[in-house]
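Below you'll find the structure, written out as structure tokens, and then a few comments.
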Amino acid sequence: MEHVPKSKKQKLAGQHSGCMFYFEKKGRYCSLSKHADSLYCGIHRPQVSGEEERVQCPHGNHTVAKSSLAKHVKICPDYVKLKELESKPYFERGFNKGLDTKVNLPHVEGKNTLSRRRFASIQLMGEKGFQDLLDKIERLHSDLECSLREKSYIEPSSMGASNIPEGDHQRRSLMKKKHSSQQDSIIGNMMKWGFLDHPKTVKYMEFGSGKGYLTGRMIDCVPSVQDVVLIDRTSFKLTVDRNLRDKNLQRVRCDIADFNPSKVENPSAWVAYGKHLCGPATDMTIRCVANQMHTDGCKPMGLAIASCCHHLTSWDQYVGHEFMNEHDISPEEFELMCYMCAWATCGHSSSKNTLKQQDDNDCMKHEHGPWRPQATIGRARRIEIGTKCKDLIDRGRILYCRQVLEWNAADVTFVDSSISLENRLLLAKRP
């Protein structure tokens, strides 16, 4: 009998003793413990006939028995965390959010996600309407010369940084070379723009900080940095915080949308920076800086953001409305540009044979189903289109910094695409 190899799910099942609910996208089982009389935890346990109905908790993604809901909502851990956050002085709901505008995208049956609505809108346009949109994007990109972005690969040592010590071995072991080279170039560009010229008097705020390794690397390079604030909406293990005990470090667990920097401890002149702020987080950080331009005692001095995940950007959060309106890009067309941004990174790790096979599969799907752009546009061409859409979105952000903030601003390529395809760094500085 021919041996059939086990799937990843089957292999993990033999090693897993907890809840047997499998996350297909994450490729792992639920980490919670099993319920006493089930293969699943309390969250994923299926409804049993005759059992009391379970309902969704309004404060989280879990369910509770219907009769216990009134009592649960008062002691729900998610509710307790929310009330604790709302009591913080720096929390101000919606402080950095954009306009609550409605974009005319079709409703989709089933999962009515933004991505599926964007794709449905493309299908409704038809092949000719979609080609007209591509022609408009091509003309605008060519007229503005958006692809002429400076390459700025800078090592901190070339800007006079201190010799980087070996530091904590556990932290170093977690650092992949590709991440450290990106961090070095971000810090090198910050030094080039003068953001680290006065490290003892400026507060450095890392947005979307995660474990804080970018800040840790910055302090390795410039040990005289004293005040740092790390902002992220999630908590992490193995953070850099323990290595910065000699610094004035403040860890802020808060969504960027609700963060008011003027209310942090000892507000002063500050610089905003971050590595790979996904989609709208980039726009909300820029808007956070704009909101503080005229606040007494809390003056933003500079901005250094490595943008990422442009396909997650949305019209209501985007700061470059004026730029898009000026060039006759409607909110609906902007949403489709965001959809196409995902094409910029598709198939980059695949072989040529694999890409050809995927293109052939797309064409076959077109022959047996409704029109879809993947069937008529080759993968290499889609990557080109996606890159141009990202260029235009970033151009709108740069012009916002120049016109609204009245700052000097530019975007540079801070690492080679072989290290990361998300290699755009937005830099802006108060004149």
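Chain lettering (A, B, ...) mirrors the order of the structure tokens, residue numbering begins at 1 for each chain separately, and ligand numbering begins at 1 in order of display.
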Running DSSP on the backbone, which parts of region 161-331 of chain A land in helix (DSSP H, G or I), as a ChimeraX atom specification? /A:169-174,177-192,213-221,241-244,256-258,261-263,280-291,310-312,321-326,331
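Distance check against Gly396 (chain A) using only C-alpha atoms: of A:Ile383, A:Cys57, A:Met191, A:Cys146, the minimum falls on A:Cys146.
Using only C-alpha atoms for every distance, the candidate list A:Ser224, A:Asn423, A:Thr239, A:Asn291 yields A:Asn423 as the residue closest to Gln182 (chain A).
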Would you mind listing what lies within 9 Å of Glu150 (chain A) as JSON, numbers by chain, with only C-alpha atoms counted and same-chain residues fewer than 2 positions away left out? {"A": [148, 152, 410, 411, 412, 413, 414]}
